[in-house]
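Here is the structure we will look at, set down as structure tokens.
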Amino acid sequence: MKLYDELVARGLIAQVTDENEIRTMIDEGKATFYIGFDCTADSLTAGHFMALTLMKRLQMAGNKPIALIGGGTTMIGDPSGRTDMRKMLTKEDIDHNAACFKRQMERFIEFGPGKAQMVNNADWLLDLNYVNLLREVGACFSVNNMLRAECYKQRMERGLSFLEFNYMIMQSYDFYYLFQHYGCNMQFGGNDQWSNMLGGTELIRRKLGKDAHAMTITLLTDSQGNKMGKTAGNAVWLDPNKTSPFDFYQYWRNVGDADVMKCVRMLTFLPMEQIAEMDAWKDAKLNEAKEILAFELTKLVHGPEEAEKAQAAARALFAGSGTSGEMPTTKIQPEAQKDGKIGILTLMVSCGLAASNGEARRLVQQGGVFLNGDKVPGADAAVTEDQLRAGAVLRKGKKVFHKAILD
């Protein structure tokens with residue numbers, strides 16, 4: 001199976017502009033393509049997996065990736081998929097985040113001469129003259145068409161700032177600039193980015209002629225991808241200091257039955273023949289598929305040793321021992337106690353098992369919280385100093401374990 005057909009078989013492709021040409025270029029390793037990453041945090045998340053693994057697949061076939069760091073566009077903020085305006089970051093914050101991104105990307109992509117490149121759109125966007133940009137680029141965009149774009153329509157009722165309205169033009173200019181200066185002939189992105197990305201393709205063709213070979217592909221990230229990387233309202237980070245390898249493994253081990261094979265196809269590098277066999281698995285065999293998914297993705301991000309440790313720890317917990325040293329642990333300061341104990345609700349929030357006392361209370365009342373294997377009887381329960389010294393093992397639901405220990 002050639003690469004483009006494999007991408008389709010894995011369920012990755014949503015929309016394309018020039019399928020036959022795209023197929024030929026990807027299969028022959030002639031694509032120089034970019035994917036953009038806005039630097040809104042100091043770590044990539046599990047939600048970036050689809051883009052990272054795609055870049056790796058394409059590079060392995062001889063195509064050249066460009067990782068575009070959005071140092072300029074991050075100053076504007078993409079309105080796509082949002083109900084409010086993004087937090088404004090300083091240039092120093094953005095530069096720090098970009099450096100963090102590159103360190104994580106190097107686990108997936110090989111950078112260097114003739115290989116992958118990392119560029120920052122701050123290098124050209126921040127030096128643009130506003131009037132010159134309006135004259136050169138603004139005339140190529142119809143406001144009527146822009147307002148029909150999904151990324152803007154969903155914000156119109158709640159208010160769309162003029163700052164965000166410019167995002168499509170900024171992103172389109174990125175492709176135009178990369179096409180001219182880096183030989184970039186293809187762009188990839190989430191399906192929710194289709195309108196923004198088409199703007200870049202059309203800009204190139206209007207400015208440089210209809211025969212300009214600029215192509216657009218979007219991935220199926222508007223539904224499946226957008227829910228990847230979030231659990232209980234919190235991001236699942238690729239940085240081990242923000243999400244431990246054990247928690248990362250557990251996140252993928254706990255995906256829903258309906259999603260496990262979709263994730264295996266889209267995100268792992270397992271052969272399609274093996275995946276076809278796994279597609280027939282049902283019931284208890286789905287747990288084996290989840291283990292395979294969790295191990296493969298943890299190995300990609302954190303290396304085989306950490307993946308093996310996380311898998312062993314998860315199996316020990318699932319078997320009911322609850323004694324694994326790899327269990328995520330929170331140190332509790334002595335001053336957090338009152339009269340030699342700490343309330344279960346406060347402890348759950350401190351350990352990140354609940355976002356608030358209210359959420360913790362609901363979990364306890366629903367019977368979903370356990371302490372050292374015993375169900376927590378009520379919201380007024382407390383953990384003693386002796387229990388904390390020994391290491392108190394909390395369990396939320398069936399699969400989320402956490403140890404609290406006195407510092």
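Naming works like this for the structure tokens: A, B, ... for the chains as they're shown, residue 1 at the start of each chain, ligands 1 onward in shown order.
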| said: Excluding Leu44 of chain A and its own-chain neighbours fewer than 4 positions away, which residues fall within 8 Å of it when counting only C-alpha atoms? Please give them as a ChimeraX atom specification. | reply: /A:48,101,104,237-239
| query | Could you name the residues that touch segment 251-256 of chain A at 9 Å or less, counting only C-alpha atoms, but leaving out those on the same chain fewer than 3 positions away, as a list in words? | reply |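 Residues near the query, excluding close chain neighbours: Gly229, Lys230, Thr231, Val236, Phe246, Asp247, Phe248, Asp259, Val260, Cys263, Asn287, Ala289, Lys290, Glu291, Ile292, Leu293, Ala294, Phe295, Leu297, Thr298, Ala314 and Lys399 of chain A.
Going from atom CA of Gly112 of chain A over to atom CA of Asn191 of chain A, you cover 29.2 Å.
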| Neighbours of segment 92-95 of chain A within 9 Å (only C-alpha atoms; same-chain residues fewer than 5 positions away dropped), as JSON, numbers by chain? | {"A": [38, 39, 40, 41, 42, 70, 71, 72, 74, 75, 100]}
Selection to disk with C-alpha atoms, as a CSV table (one decimal), in the first residue's frame:
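Wrote it out as selection-v8.csv, contents follow:
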```
chain,number,residue,atom,x,y,z
A,38,ASP,CA,0.8,28.1,18.0
A,39,CYS,CA,2.8,28.5,21.2
A,40,THR,CA,0.0,28.9,23.7
A,41,ALA,CA,1.7,26.7,26.4
A,42,ASP,CA,5.1,25.4,27.3
A,70,GLY,CA,3.4,30.5,15.4
A,71,GLY,CA,5.4,33.2,17.2
A,72,GLY,CA,3.5,35.8,15.3
A,74,THR,CA,0.1,33.4,18.7
A,75,MET,CA,0.1,37.1,19.4
A,100,CYS,CA,10.0,23.6,24.6
```
| field | Test item, alpha helix (DSSP H) assignment across segment 14-72 of chain A, answer as a PyMOL selection string | value | chain A and resi 19-27+49-60
Set the distance at 8 Å and use only C-alpha atoms: which residues neighbour Met261 of chain A once local chain neighbours fewer than 5 positions away are removed? I'd like the list as a compact mmCIF listing (two decimals) with N, CA and C atoms, in the first residue's frame.
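File produced: result.txt:
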```
# COMPACT_ATOMS: atom_id res chain seq x y z
N ILE A 275 -3.34 -4.27 12.33
CA ILE A 275 -4.52 -3.50 12.73
C ILE A 275 -5.80 -4.16 12.20
N MET A 278 -6.72 -6.81 14.53
CA MET A 278 -7.23 -6.26 15.78
C MET A 278 -8.65 -5.73 15.63
N ASP A 279 -9.02 -5.32 14.42
CA ASP A 279 -10.37 -4.78 14.19
C ASP A 279 -11.46 -5.78 14.56
N ALA A 289 -6.15 -4.43 23.22
CA ALA A 289 -5.92 -3.37 22.22
C ALA A 289 -5.58 -2.06 22.91
```
| query | What's the 9 Å shell around Ala381 of chain A, counting only C-alpha atoms, without same-chain residues fewer than 4 positions away, as a ChimeraX atom specification? | reply | /A:342-345,376-377
Would you save the residues from that selection as a JSON list (two decimals), in the first residue's frame, using N, CA and C atoms?
```
[["chain", "number", "residue", "atom", "x", "y", "z"],
["A", 342, "ILE", "N", -6.16, 15.42, 57.35],
["A", 342, "ILE", "CA", -6.56, 16.29, 56.24],
["A", 342, "ILE", "C", -7.84, 15.74, 55.62],
["A", 343, "GLY", "N", -8.77, 16.61, 55.33],
["A", 343, "GLY", "CA", -10.06, 16.19, 54.77],
["A", 343, "GLY", "C", -9.90, 15.54, 53.41],
["A", 344, "ILE", "N", -10.73, 14.55, 53.14],
["A", 344, "ILE", "CA", -10.63, 13.81, 51.88],
["A", 344, "ILE", "C", -10.86, 14.72, 50.68],
["A", 345, "LEU", "N", -11.76, 15.70, 50.81],
["A", 345, "LEU", "CA", -12.03, 16.60, 49.67],
["A", 345, "LEU", "C", -10.81, 17.45, 49.37],
["A", 376, "VAL", "N", -14.60, 5.39, 50.37],
["A", 376, "VAL", "CA", -14.70, 6.54, 51.28],
["A", 376, "VAL", "C", -16.17, 6.71, 51.65],
["A", 377, "PRO", "N", -16.50, 6.66, 52.96],
["A", 377, "PRO", "CA", -17.92, 6.62, 53.36],
["A", 377, "PRO", "C", -18.68, 7.91, 53.17]]
```
| task | Please run DSSP on the backbone and report, as a list in words, all residues within segment 23-187 of chain A that come out as strand (DSSP E or B). | result |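 Selecting the strand (DSSP E or B) positions of segment 23-187 of chain A gives Thr32, Phe33, Tyr34, Ile35, Gly36, Phe37, Thr45, Lys64, Pro65, Ile66, Ala67, Leu68, Ile69, Phe111, Ala116, Gln117, Met118, Val119, Asn120, Met186 and Gln187 of chain A.
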| field | Pick from A:Tyr249, A:Tyr130, A:Phe33, A:Phe108, whichever lies nearest to Cys184 of chain A using only C-alpha atoms | value | A:Phe33
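Remark: for Ala360 of chain A, the closest of the candidate residues A:Gly378, A:Gly190, A:Pro304, A:Pro328 is A:Gly378 (distances computed over only C-alpha atoms).
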